[in-house]
file my_file-v3.txt (compact mmCIF, N, CA and C atoms)
# COMPACT_ATOMS: atom_id res chain seq x y z
N GLN B 1 44.84 50.54 -32.17
CA GLN B 1 46.08 50.71 -31.46
C GLN B 1 45.97 50.15 -30.05
N VAL B 2 47.09 49.67 -29.57
CA VAL B 2 47.17 49.12 -28.22
C VAL B 2 48.33 49.79 -27.51
N GLN B 3 48.11 50.22 -26.30
CA GLN B 3 49.16 50.85 -25.50
C GLN B 3 49.55 49.91 -24.36
N LEU B 4 50.84 49.84 -24.11
CA LEU B 4 51.37 48.95 -23.07
C LEU B 4 52.32 49.74 -22.19
N VAL B 5 52.18 49.61 -20.90
CA VAL B 5 53.06 50.30 -19.97
C VAL B 5 53.55 49.30 -18.93
N GLU B 6 54.86 49.09 -18.91
CA GLU B 6 55.45 48.13 -17.98
C GLU B 6 55.92 48.82 -16.70
N SER B 7 55.98 48.05 -15.65
CA SER B 7 56.55 48.51 -14.39
C SER B 7 56.96 47.28 -13.59
N GLY B 8 57.67 47.53 -12.51
CA GLY B 8 58.02 46.43 -11.61
C GLY B 8 59.47 46.00 -11.66
N GLY B 9 60.23 46.54 -12.58
CA GLY B 9 61.63 46.17 -12.64
C GLY B 9 62.40 46.77 -11.48
N GLY B 10 63.66 46.37 -11.38
CA GLY B 10 64.49 46.91 -10.32
C GLY B 10 65.72 46.07 -10.10
N LEU B 11 66.37 46.32 -8.98
CA LEU B 11 67.59 45.60 -8.61
C LEU B 11 67.24 44.57 -7.55
N VAL B 12 67.65 43.33 -7.78
CA VAL B 12 67.36 42.25 -6.83
C VAL B 12 68.57 41.33 -6.76
N GLN B 13 68.75 40.70 -5.63
CA GLN B 13 69.85 39.75 -5.49
C GLN B 13 69.48 38.41 -6.12
N ALA B 14 70.48 37.69 -6.52
CA ALA B 14 70.26 36.35 -7.07
C ALA B 14 69.46 35.51 -6.08
N GLY B 15 68.49 34.78 -6.62
CA GLY B 15 67.60 33.99 -5.78
C GLY B 15 66.33 34.72 -5.40
N GLY B 16 66.29 36.01 -5.63
CA GLY B 16 65.12 36.80 -5.29
C GLY B 16 64.03 36.74 -6.34
N SER B 17 62.98 37.53 -6.11
CA SER B 17 61.82 37.53 -6.99
C SER B 17 61.43 38.95 -7.35
N LEU B 18 60.81 39.05 -8.51
CA LEU B 18 60.19 40.31 -8.96
C LEU B 18 58.91 39.96 -9.70
N ARG B 19 57.96 40.88 -9.66
CA ARG B 19 56.78 40.73 -10.49
C ARG B 19 56.68 41.94 -11.41
N LEU B 20 56.71 41.67 -12.68
CA LEU B 20 56.55 42.72 -13.67
C LEU B 20 55.07 42.86 -14.02
N THR B 21 54.68 44.09 -14.26
CA THR B 21 53.29 44.40 -14.59
C THR B 21 53.23 45.14 -15.91
N CYS B 22 52.27 44.78 -16.72
CA CYS B 22 52.04 45.45 -18.00
C CYS B 22 50.57 45.86 -18.05
N VAL B 23 50.34 47.15 -17.97
CA VAL B 23 48.97 47.67 -18.06
C VAL B 23 48.66 47.93 -19.53
N THR B 24 47.57 47.35 -19.98
CA THR B 24 47.20 47.47 -21.39
C THR B 24 45.98 48.36 -21.56
N SER B 25 45.88 49.01 -22.71
CA SER B 25 44.72 49.84 -23.02
C SER B 25 44.59 49.93 -24.52
N GLY B 26 43.46 50.46 -24.95
CA GLY B 26 43.19 50.56 -26.38
C GLY B 26 42.43 49.35 -26.88
N ASN B 27 42.69 48.93 -28.09
CA ASN B 27 41.95 47.84 -28.72
C ASN B 27 42.53 46.48 -28.32
N ILE B 28 42.54 46.20 -27.02
CA ILE B 28 43.23 45.01 -26.52
C ILE B 28 42.56 43.71 -26.96
N TYR B 29 41.30 43.76 -27.30
CA TYR B 29 40.61 42.52 -27.69
C TYR B 29 40.98 42.07 -29.10
N ALA B 30 41.73 42.90 -29.80
CA ALA B 30 42.27 42.49 -31.10
C ALA B 30 43.56 41.70 -30.95
N VAL B 31 44.12 41.68 -29.75
CA VAL B 31 45.39 41.00 -29.53
C VAL B 31 45.15 39.51 -29.29
N ASP B 32 45.93 38.68 -30.00
CA ASP B 32 45.79 37.23 -29.87
C ASP B 32 46.80 36.62 -28.90
N VAL B 33 47.97 37.21 -28.84
CA VAL B 33 49.04 36.65 -28.02
C VAL B 33 49.66 37.77 -27.20
N TRP B 34 49.73 37.56 -25.91
CA TRP B 34 50.44 38.47 -25.01
C TRP B 34 51.76 37.83 -24.63
N GLY B 35 52.78 38.66 -24.48
CA GLY B 35 54.07 38.07 -24.15
C GLY B 35 55.00 39.02 -23.44
N TRP B 36 56.01 38.45 -22.88
CA TRP B 36 57.13 39.19 -22.30
C TRP B 36 58.40 38.80 -23.04
N TYR B 37 59.17 39.80 -23.39
CA TYR B 37 60.45 39.61 -24.07
C TYR B 37 61.52 40.33 -23.26
N ARG B 38 62.76 39.98 -23.51
CA ARG B 38 63.84 40.69 -22.86
C ARG B 38 64.99 40.91 -23.84
N GLN B 39 65.79 41.90 -23.50
CA GLN B 39 66.89 42.26 -24.39
C GLN B 39 68.06 42.80 -23.57
N VAL B 40 69.24 42.35 -23.90
CA VAL B 40 70.45 42.90 -23.30
C VAL B 40 71.20 43.66 -24.39
N PRO B 41 72.01 44.64 -24.02
CA PRO B 41 72.72 45.44 -25.03
C PRO B 41 73.53 44.56 -25.97
N GLY B 42 73.41 44.85 -27.27
CA GLY B 42 74.17 44.12 -28.26
C GLY B 42 73.55 42.83 -28.72
N LYS B 43 72.39 42.49 -28.15
CA LYS B 43 71.72 41.25 -28.55
C LYS B 43 70.30 41.53 -28.98
N GLY B 44 69.73 40.57 -29.68
CA GLY B 44 68.35 40.71 -30.11
C GLY B 44 67.37 40.47 -28.98
N ARG B 45 66.13 40.85 -29.22
CA ARG B 45 65.08 40.65 -28.22
C ARG B 45 64.65 39.19 -28.25
N GLU B 46 64.57 38.58 -27.07
CA GLU B 46 64.18 37.18 -27.02
C GLU B 46 62.89 37.00 -26.22
N MET B 47 62.11 36.02 -26.66
CA MET B 47 60.86 35.71 -25.99
C MET B 47 61.15 35.05 -24.65
N VAL B 48 60.42 35.48 -23.63
CA VAL B 48 60.54 34.89 -22.30
C VAL B 48 59.32 34.04 -22.00
N ALA B 49 58.13 34.62 -22.25
CA ALA B 49 56.89 33.92 -21.93
C ALA B 49 55.77 34.47 -22.80
N GLN B 50 54.82 33.59 -23.16
CA GLN B 50 53.68 34.00 -23.95
C GLN B 50 52.41 33.42 -23.36
N LEU B 51 51.31 34.12 -23.61
CA LEU B 51 50.00 33.69 -23.14
C LEU B 51 49.00 33.93 -24.26
N SER B 52 48.27 32.86 -24.61
CA SER B 52 47.28 32.99 -25.67
C SER B 52 46.15 32.02 -25.41
N ARG B 53 44.94 32.54 -25.28
CA ARG B 53 43.74 31.71 -25.07
C ARG B 53 43.94 30.73 -23.92
N GLY B 54 44.55 31.18 -22.86
CA GLY B 54 44.74 30.34 -21.69
C GLY B 54 45.94 29.43 -21.73
N ARG B 55 46.63 29.40 -22.84
CA ARG B 55 47.81 28.55 -22.97
C ARG B 55 49.06 29.39 -22.81
N THR B 56 50.06 28.81 -22.19
CA THR B 56 51.31 29.50 -21.96
C THR B 56 52.46 28.81 -22.68
N ASN B 57 53.46 29.60 -22.96
CA ASN B 57 54.67 29.09 -23.61
C ASN B 57 55.85 29.83 -22.99
N TYR B 58 56.89 29.09 -22.64
CA TYR B 58 58.04 29.70 -21.98
C TYR B 58 59.33 29.34 -22.69
N ALA B 59 60.26 30.27 -22.63
CA ALA B 59 61.63 29.95 -23.05
C ALA B 59 62.19 28.93 -22.07
N ASP B 60 63.10 28.12 -22.55
CA ASP B 60 63.69 27.09 -21.68
C ASP B 60 64.30 27.73 -20.43
N SER B 61 64.87 28.91 -20.59
CA SER B 61 65.53 29.58 -19.46
C SER B 61 64.53 30.05 -18.40
N ALA B 62 63.26 30.15 -18.78
CA ALA B 62 62.24 30.65 -17.88
C ALA B 62 61.38 29.55 -17.25
N LYS B 63 61.40 28.39 -17.83
CA LYS B 63 60.55 27.30 -17.35
C LYS B 63 60.86 26.95 -15.90
N GLY B 64 59.79 26.84 -15.12
CA GLY B 64 59.95 26.48 -13.71
C GLY B 64 60.27 27.65 -12.81
N ARG B 65 60.59 28.80 -13.38
CA ARG B 65 60.92 29.97 -12.55
C ARG B 65 59.99 31.16 -12.80
N PHE B 66 59.53 31.32 -14.03
CA PHE B 66 58.70 32.47 -14.40
C PHE B 66 57.27 32.01 -14.68
N THR B 67 56.32 32.89 -14.40
CA THR B 67 54.92 32.60 -14.69
C THR B 67 54.27 33.83 -15.30
N ILE B 68 53.67 33.65 -16.45
CA ILE B 68 52.92 34.74 -17.09
C ILE B 68 51.44 34.55 -16.76
N SER B 69 50.77 35.66 -16.50
CA SER B 69 49.35 35.57 -16.17
C SER B 69 48.66 36.88 -16.56
N ARG B 70 47.35 36.83 -16.46
CA ARG B 70 46.52 37.99 -16.83
C ARG B 70 45.47 38.15 -15.75
N ASP B 71 45.13 39.39 -15.43
CA ASP B 71 44.13 39.59 -14.38
C ASP B 71 42.74 39.29 -14.93
N THR B 72 41.77 39.19 -14.03
CA THR B 72 40.42 38.80 -14.45
C THR B 72 39.76 39.87 -15.31
N ALA B 73 40.17 41.09 -15.16
CA ALA B 73 39.63 42.16 -16.02
C ALA B 73 40.27 42.14 -17.39
N GLU B 74 41.30 41.33 -17.55
CA GLU B 74 42.02 41.15 -18.82
C GLU B 74 42.64 42.44 -19.32
N THR B 75 43.07 43.28 -18.39
CA THR B 75 43.72 44.51 -18.80
C THR B 75 45.17 44.59 -18.37
N THR B 76 45.60 43.63 -17.55
CA THR B 76 46.96 43.66 -17.03
C THR B 76 47.62 42.31 -17.21
N ILE B 77 48.83 42.34 -17.68
CA ILE B 77 49.63 41.13 -17.87
C ILE B 77 50.75 41.15 -16.83
N TYR B 78 50.98 40.01 -16.22
CA TYR B 78 52.03 39.91 -15.21
C TYR B 78 53.10 38.92 -15.63
N LEU B 79 54.28 39.14 -15.10
CA LEU B 79 55.34 38.15 -15.21
C LEU B 79 55.95 38.01 -13.81
N GLN B 80 55.63 36.90 -13.18
CA GLN B 80 56.22 36.60 -11.88
C GLN B 80 57.54 35.88 -12.11
N MET B 81 58.60 36.44 -11.57
CA MET B 81 59.92 35.87 -11.77
C MET B 81 60.51 35.47 -10.43
N ASN B 82 60.77 34.20 -10.27
CA ASN B 82 61.32 33.67 -9.03
C ASN B 82 62.71 33.09 -9.28
N ASN B 83 63.46 32.94 -8.20
CA ASN B 83 64.81 32.36 -8.29
C ASN B 83 65.62 33.05 -9.39
N LEU B 84 65.64 34.35 -9.34
CA LEU B 84 66.31 35.12 -10.40
C LEU B 84 67.81 34.87 -10.38
N LYS B 85 68.38 34.91 -11.57
CA LYS B 85 69.81 34.67 -11.77
C LYS B 85 70.44 35.90 -12.43
N PRO B 86 71.73 36.10 -12.25
CA PRO B 86 72.37 37.26 -12.90
C PRO B 86 72.15 37.29 -14.41
N GLU B 87 72.03 36.14 -15.03
CA GLU B 87 71.81 36.10 -16.48
C GLU B 87 70.41 36.53 -16.89
N ASP B 88 69.53 36.75 -15.91
CA ASP B 88 68.21 37.30 -16.20
C ASP B 88 68.24 38.82 -16.33
N THR B 89 69.38 39.42 -16.04
CA THR B 89 69.52 40.87 -16.16
C THR B 89 69.28 41.30 -17.60
N ALA B 90 68.32 42.22 -17.78
CA ALA B 90 67.95 42.67 -19.12
C ALA B 90 66.87 43.74 -19.00
N ASP B 91 66.55 44.34 -20.13
CA ASP B 91 65.35 45.16 -20.24
C ASP B 91 64.21 44.23 -20.65
N TYR B 92 63.10 44.32 -19.95
CA TYR B 92 61.96 43.45 -20.21
C TYR B 92 60.84 44.27 -20.86
N PHE B 93 60.29 43.70 -21.92
CA PHE B 93 59.27 44.38 -22.70
C PHE B 93 57.99 43.55 -22.77
N CYS B 94 56.88 44.23 -22.62
CA CYS B 94 55.58 43.61 -22.81
C CYS B 94 55.22 43.69 -24.29
N ASN B 95 54.59 42.65 -24.78
CA ASN B 95 54.24 42.58 -26.20
C ASN B 95 52.81 42.10 -26.37
N GLY B 96 52.13 42.71 -27.32
CA GLY B 96 50.82 42.23 -27.73
C GLY B 96 50.86 42.00 -29.23
N LYS B 97 50.47 40.82 -29.65
CA LYS B 97 50.52 40.49 -31.07
C LYS B 97 49.12 40.25 -31.61
N GLN B 98 48.79 41.02 -32.61
CA GLN B 98 47.53 40.87 -33.32
C GLN B 98 47.82 40.16 -34.63
N THR B 99 47.01 39.17 -34.97
CA THR B 99 47.27 38.42 -36.20
C THR B 99 46.22 38.62 -37.28
N TYR B 100 45.12 39.27 -36.97
CA TYR B 100 44.05 39.49 -37.95
C TYR B 100 43.52 40.90 -37.82
N PRO B 101 43.26 41.61 -38.92
CA PRO B 101 43.43 41.19 -40.32
C PRO B 101 44.86 41.21 -40.80
N THR B 102 45.73 41.91 -40.11
CA THR B 102 47.15 41.90 -40.44
C THR B 102 47.94 41.68 -39.16
N VAL B 103 49.17 41.27 -39.31
CA VAL B 103 50.02 41.07 -38.14
C VAL B 103 50.51 42.42 -37.63
N GLN B 104 50.24 42.67 -36.36
CA GLN B 104 50.70 43.90 -35.72
C GLN B 104 51.32 43.52 -34.38
N ASN B 105 52.48 44.06 -34.11
CA ASN B 105 53.11 43.88 -32.82
C ASN B 105 53.12 45.20 -32.08
N TYR B 106 52.65 45.15 -30.85
CA TYR B 106 52.64 46.33 -30.00
C TYR B 106 53.65 46.11 -28.86
N TRP B 107 54.39 47.17 -28.54
CA TRP B 107 55.43 47.07 -27.51
C TRP B 107 55.32 48.19 -26.50
N GLY B 108 55.67 47.86 -25.28
CA GLY B 108 55.85 48.90 -24.29
C GLY B 108 57.28 49.42 -24.36
N ARG B 109 57.59 50.35 -23.46
CA ARG B 109 58.92 50.94 -23.46
C ARG B 109 59.92 50.13 -22.65
N GLY B 110 59.45 49.19 -21.89
CA GLY B 110 60.34 48.31 -21.16
C GLY B 110 60.57 48.72 -19.72
N THR B 111 61.02 47.74 -18.95
CA THR B 111 61.40 47.98 -17.56
C THR B 111 62.69 47.19 -17.31
N GLN B 112 63.59 47.80 -16.60
CA GLN B 112 64.91 47.21 -16.43
C GLN B 112 64.95 46.30 -15.20
N VAL B 113 65.54 45.13 -15.40
CA VAL B 113 65.73 44.17 -14.31
C VAL B 113 67.23 43.91 -14.18
N THR B 114 67.73 44.09 -12.97
CA THR B 114 69.14 43.82 -12.70
C THR B 114 69.24 42.84 -11.54
N VAL B 115 69.93 41.75 -11.78
CA VAL B 115 70.09 40.72 -10.75
C VAL B 115 71.56 40.66 -10.36
N SER B 116 71.83 40.95 -9.11
CA SER B 116 73.22 40.94 -8.65
C SER B 116 73.57 39.58 -8.08
N SER B 117 74.83 39.22 -8.22
CA SER B 117 75.29 37.91 -7.74
C SER B 117 75.75 37.96 -6.30
call {"tool": "encode", "arguments": {"input": "my_file-v3.txt", "output": "structure tokens"}}
result
Amino acid sequence: QVQLVESGGGLVQAGGSLRLTCVTSGNIYAVDVWGWYRQVPGKGREMVAQLSRGRTNYADSAKGRFTISRDTAETTIYLQMNNLKPEDTADYFCNGKQTYPTVQNYWGRGTQVTVSS
């Protein structure tokens, strides 16, 4: 099992920045892909950024503005969000995906980000 706890959300004006933090614990070395997802009411959860073996992947909406990273102790995942836009308003969730021996997705409870115009 892997536990994920997000923090860092809040209210920010358009153009501002936030850094989301995801503290991980448990069997984290079984996780192959770390990611951040977001969800707005009435819509599905969408991928924002992923990190796997040093490689990153971003949604088109996040490219050039968001950066996913991991601390040197490999226990915390960050999402640095710059130049925030009102359309970035959502609940943000940390994700850990294990692919072996079976696919398992681990989720945190989320942190809310609100960007005012």
call {"tool": "closest_residue", "arguments": {"input": "my_file-v3.txt", "among": "B:Met47, B:Gly9, B:Trp34, B:Gly108", "to": "Phe93 in chain B", "atoms": "all atoms listed in the file"}}
result
B:Gly108
call {"tool": "atom_distance", "arguments": {"input": "my_file-v3.txt", "atom1": "CA of Gln104 in chain B", "atom2": "atom N of Leu4 in chain B"}}
result
13.0 Å
call {"tool": "atom_distance", "arguments": {"input": "my_file-v3.txt", "atom1": "atom N of Thr24 in chain B", "atom2": "atom N of Gln1 in chain B"}}
result
12.9 Å
call {"tool": "atom_distance", "arguments": {"input": "my_file-v3.txt", "atom1": "CA of Trp36 in chain B", "atom2": "atom N of Ala49 in chain B"}}
result
4.7 Å
call {"tool": "closest_residue", "arguments": {"input": "my_file-v3.txt", "among": "B:Leu84, B:Ala30, B:Ile77, B:Val12", "to": "Ser61 in chain B", "atoms": "only C-alpha atoms"}}
result
B:Leu84
call {"tool": "closest_residue", "arguments": {"input": "my_file-v3.txt", "among": "B:Thr99, B:Asn57, B:Ser117, B:Ser69", "to": "Glu87 in chain B", "atoms": "only C-alpha atoms"}}
result
B:Ser117
call {"tool": "closest_residue", "arguments": {"input": "my_file-v3.txt", "among": "B:Thr72, B:Ser25, B:Asn83, B:Thr102", "to": "Gln13 in chain B", "atoms": "only N, CA and C atoms"}}
result
B:Asn83
call {"tool": "select_by_dssp", "arguments": {"input": "my_file-v3.txt", "residues": "chain B", "states": "strand (DSSP E)", "output": "PyMOL selection string"}}
result
chain B and resi 2-7+10-13+18-26+33-39+46-52+55-58+66-70+76-81+90-98+104-107+111-116
call {"tool": "residues_near_point", "arguments": {"input": "my_file-v3.txt", "point": "(61.1, 34.2, -18.3)", "cutoff": "10 Å", "atoms": "only C-alpha atoms", "output": "PDB file with N, CA and C atoms, keeping the file's coordinate frame"}}
result
ATOM      1  N   GLY B  35      52.780  38.660 -24.480  1.00  0.00           N
ATOM      2  CA  GLY B  35      54.070  38.070 -24.150  1.00  0.00           C
ATOM      3  C   GLY B  35      55.000  39.020 -23.440  1.00  0.00           C
ATOM      4  N   TRP B  36      56.010  38.450 -22.880  1.00  0.00           N
ATOM      5  CA  TRP B  36      57.130  39.190 -22.300  1.00  0.00           C
ATOM      6  C   TRP B  36      58.400  38.800 -23.040  1.00  0.00           C
ATOM      7  N   TYR B  37      59.170  39.800 -23.390  1.00  0.00           N
ATOM      8  CA  TYR B  37      60.450  39.610 -24.070  1.00  0.00           C
ATOM      9  C   TYR B  37      61.520  40.330 -23.260  1.00  0.00           C
ATOM     10  N   ARG B  38      62.760  39.980 -23.510  1.00  0.00           N
ATOM     11  CA  ARG B  38      63.840  40.690 -22.860  1.00  0.00           C
ATOM     12  C   ARG B  38      64.990  40.910 -23.840  1.00  0.00           C
ATOM     13  N   GLU B  46      64.570  38.580 -27.070  1.00  0.00           N
ATOM     14  CA  GLU B  46      64.180  37.180 -27.020  1.00  0.00           C
ATOM     15  C   GLU B  46      62.890  37.000 -26.220  1.00  0.00           C
ATOM     16  N   MET B  47      62.110  36.020 -26.660  1.00  0.00           N
ATOM     17  CA  MET B  47      60.860  35.710 -25.990  1.00  0.00           C
ATOM     18  C   MET B  47      61.150  35.050 -24.650  1.00  0.00           C
ATOM     19  N   VAL B  48      60.420  35.480 -23.630  1.00  0.00           N
ATOM     20  CA  VAL B  48      60.540  34.890 -22.300  1.00  0.00           C
ATOM     21  C   VAL B  48      59.320  34.040 -22.000  1.00  0.00           C
ATOM     22  N   ALA B  49      58.130  34.620 -22.250  1.00  0.00           N
ATOM     23  CA  ALA B  49      56.890  33.920 -21.930  1.00  0.00           C
ATOM     24  C   ALA B  49      55.770  34.470 -22.800  1.00  0.00           C
ATOM     25  N   GLN B  50      54.820  33.590 -23.160  1.00  0.00           N
ATOM     26  CA  GLN B  50      53.680  34.000 -23.950  1.00  0.00           C
ATOM     27  C   GLN B  50      52.410  33.420 -23.360  1.00  0.00           C
ATOM     28  N   ASN B  57      53.460  29.600 -22.960  1.00  0.00           N
ATOM     29  CA  ASN B  57      54.670  29.090 -23.610  1.00  0.00           C
ATOM     30  C   ASN B  57      55.850  29.830 -22.990  1.00  0.00           C
ATOM     31  N   TYR B  58      56.890  29.090 -22.640  1.00  0.00           N
ATOM     32  CA  TYR B  58      58.040  29.700 -21.980  1.00  0.00           C
ATOM     33  C   TYR B  58      59.330  29.340 -22.690  1.00  0.00           C
ATOM     34  N   ALA B  59      60.260  30.270 -22.630  1.00  0.00           N
ATOM     35  CA  ALA B  59      61.630  29.950 -23.050  1.00  0.00           C
ATOM     36  C   ALA B  59      62.190  28.930 -22.070  1.00  0.00           C
ATOM     37  N   ASP B  60      63.100  28.120 -22.550  1.00  0.00           N
ATOM     38  CA  ASP B  60      63.690  27.090 -21.680  1.00  0.00           C
ATOM     39  C   ASP B  60      64.300  27.730 -20.430  1.00  0.00           C
ATOM     40  N   SER B  61      64.870  28.910 -20.590  1.00  0.00           N
ATOM     41  CA  SER B  61      65.530  29.580 -19.460  1.00  0.00           C
ATOM     42  C   SER B  61      64.530  30.050 -18.400  1.00  0.00           C
ATOM     43  N   ALA B  62      63.260  30.150 -18.780  1.00  0.00           N
ATOM     44  CA  ALA B  62      62.240  30.650 -17.880  1.00  0.00           C
ATOM     45  C   ALA B  62      61.380  29.550 -17.250  1.00  0.00           C
ATOM     46  N   LYS B  63      61.400  28.390 -17.830  1.00  0.00           N
ATOM     47  CA  LYS B  63      60.550  27.300 -17.350  1.00  0.00           C
ATOM     48  C   LYS B  63      60.860  26.950 -15.900  1.00  0.00           C
ATOM     49  N   GLY B  64      59.790  26.840 -15.120  1.00  0.00           N
ATOM     50  CA  GLY B  64      59.950  26.480 -13.710  1.00  0.00           C
ATOM     51  C   GLY B  64      60.270  27.650 -12.810  1.00  0.00           C
ATOM     52  N   ARG B  65      60.590  28.800 -13.380  1.00  0.00           N
ATOM     53  CA  ARG B  65      60.920  29.970 -12.550  1.00  0.00           C
ATOM     54  C   ARG B  65      59.990  31.160 -12.800  1.00  0.00           C
ATOM     55  N   PHE B  66      59.530  31.320 -14.030  1.00  0.00           N
ATOM     56  CA  PHE B  66      58.700  32.470 -14.400  1.00  0.00           C
ATOM     57  C   PHE B  66      57.270  32.010 -14.680  1.00  0.00           C
ATOM     58  N   THR B  67      56.320  32.890 -14.400  1.00  0.00           N
ATOM     59  CA  THR B  67      54.920  32.600 -14.690  1.00  0.00           C
ATOM     60  C   THR B  67      54.270  33.830 -15.300  1.00  0.00           C
ATOM     61  N   ILE B  68      53.670  33.650 -16.450  1.00  0.00           N
ATOM     62  CA  ILE B  68      52.920  34.740 -17.090  1.00  0.00           C
ATOM     63  C   ILE B  68      51.440  34.550 -16.760  1.00  0.00           C
ATOM     64  N   LEU B  79      54.280  39.140 -15.100  1.00  0.00           N
ATOM     65  CA  LEU B  79      55.340  38.150 -15.210  1.00  0.00           C
ATOM     66  C   LEU B  79      55.950  38.010 -13.810  1.00  0.00           C
ATOM     67  N   GLN B  80      55.630  36.900 -13.180  1.00  0.00           N
ATOM     68  CA  GLN B  80      56.220  36.600 -11.880  1.00  0.00           C
ATOM     69  C   GLN B  80      57.540  35.880 -12.110  1.00  0.00           C
ATOM     70  N   MET B  81      58.600  36.440 -11.570  1.00  0.00           N
ATOM     71  CA  MET B  81      59.920  35.870 -11.770  1.00  0.00           C
ATOM     72  C   MET B  81      60.510  35.470 -10.430  1.00  0.00           C
ATOM     73  N   ASN B  82      60.770  34.200 -10.270  1.00  0.00           N
ATOM     74  CA  ASN B  82      61.320  33.670  -9.030  1.00  0.00           C
ATOM     75  C   ASN B  82      62.710  33.090  -9.280  1.00  0.00           C
ATOM     76  N   LEU B  84      65.640  34.350  -9.340  1.00  0.00           N
ATOM     77  CA  LEU B  84      66.310  35.120 -10.400  1.00  0.00           C
ATOM     78  C   LEU B  84      67.810  34.870 -10.380  1.00  0.00           C
ATOM     79  N   ASP B  88      69.530  36.750 -15.910  1.00  0.00           N
ATOM     80  CA  ASP B  88      68.210  37.300 -16.200  1.00  0.00           C
ATOM     81  C   ASP B  88      68.240  38.820 -16.330  1.00  0.00           C
ATOM     82  N   TYR B  92      63.100  44.320 -19.950  1.00  0.00           N
ATOM     83  CA  TYR B  92      61.960  43.450 -20.210  1.00  0.00           C
ATOM     84  C   TYR B  92      60.840  44.270 -20.860  1.00  0.00           C
TER      85      TYR B  92
END
call {"tool": "closest_residue", "arguments": {"input": "my_file-v3.txt", "among": "B:Gly10, B:Tyr78, B:Asp32, B:Lys43", "to": "Thr114 in chain B", "atoms": "all atoms listed in the file"}}
result
B:Gly10
call {"tool": "residues_near_point", "arguments": {"input": "my_file-v3.txt", "point": "(56.5, 51.8, -23.1)", "cutoff": "6 Å", "atoms": "only N, CA and C atoms", "output": "PDB file with N, CA and C atoms, in the frame of the given file"}}
result
ATOM      1  N   LEU B   4      50.840  49.840 -24.110  1.00  0.00           N
ATOM      2  CA  LEU B   4      51.370  48.950 -23.070  1.00  0.00           C
ATOM      3  C   LEU B   4      52.320  49.740 -22.190  1.00  0.00           C
ATOM      4  N   VAL B   5      52.180  49.610 -20.900  1.00  0.00           N
ATOM      5  CA  VAL B   5      53.060  50.300 -19.970  1.00  0.00           C
ATOM      6  C   VAL B   5      53.550  49.300 -18.930  1.00  0.00           C
ATOM      7  N   GLU B   6      54.860  49.090 -18.910  1.00  0.00           N
ATOM      8  CA  GLU B   6      55.450  48.130 -17.980  1.00  0.00           C
ATOM      9  C   GLU B   6      55.920  48.820 -16.700  1.00  0.00           C
ATOM     10  N   TRP B 107      54.390  47.170 -28.540  1.00  0.00           N
ATOM     11  CA  TRP B 107      55.430  47.070 -27.510  1.00  0.00           C
ATOM     12  C   TRP B 107      55.320  48.190 -26.500  1.00  0.00           C
ATOM     13  N   GLY B 108      55.670  47.860 -25.280  1.00  0.00           N
ATOM     14  CA  GLY B 108      55.850  48.900 -24.290  1.00  0.00           C
ATOM     15  C   GLY B 108      57.280  49.420 -24.360  1.00  0.00           C
ATOM     16  N   ARG B 109      57.590  50.350 -23.460  1.00  0.00           N
ATOM     17  CA  ARG B 109      58.920  50.940 -23.460  1.00  0.00           C
ATOM     18  C   ARG B 109      59.920  50.130 -22.650  1.00  0.00           C
ATOM     19  N   GLY B 110      59.450  49.190 -21.890  1.00  0.00           N
ATOM     20  CA  GLY B 110      60.340  48.310 -21.160  1.00  0.00           C
ATOM     21  C   GLY B 110      60.570  48.720 -19.720  1.00  0.00           C
TER      22      GLY B 110
END
call {"tool": "closest_residue", "arguments": {"input": "my_file-v3.txt", "among": "B:Arg55, B:Lys85, B:Arg45, B:Lys97", "to": "Arg70 in chain B", "atoms": "only C-alpha atoms"}}
result
B:Arg55
call {"tool": "select_by_dssp", "arguments": {"input": "my_file-v3.txt", "residues": "chain B", "states": "helix (DSSP H, G or I)", "output": "list of chain:residue names"}}
result
B:Ile28, B:Tyr29, B:Ala30, B:Pro86, B:Glu87, B:Asp88
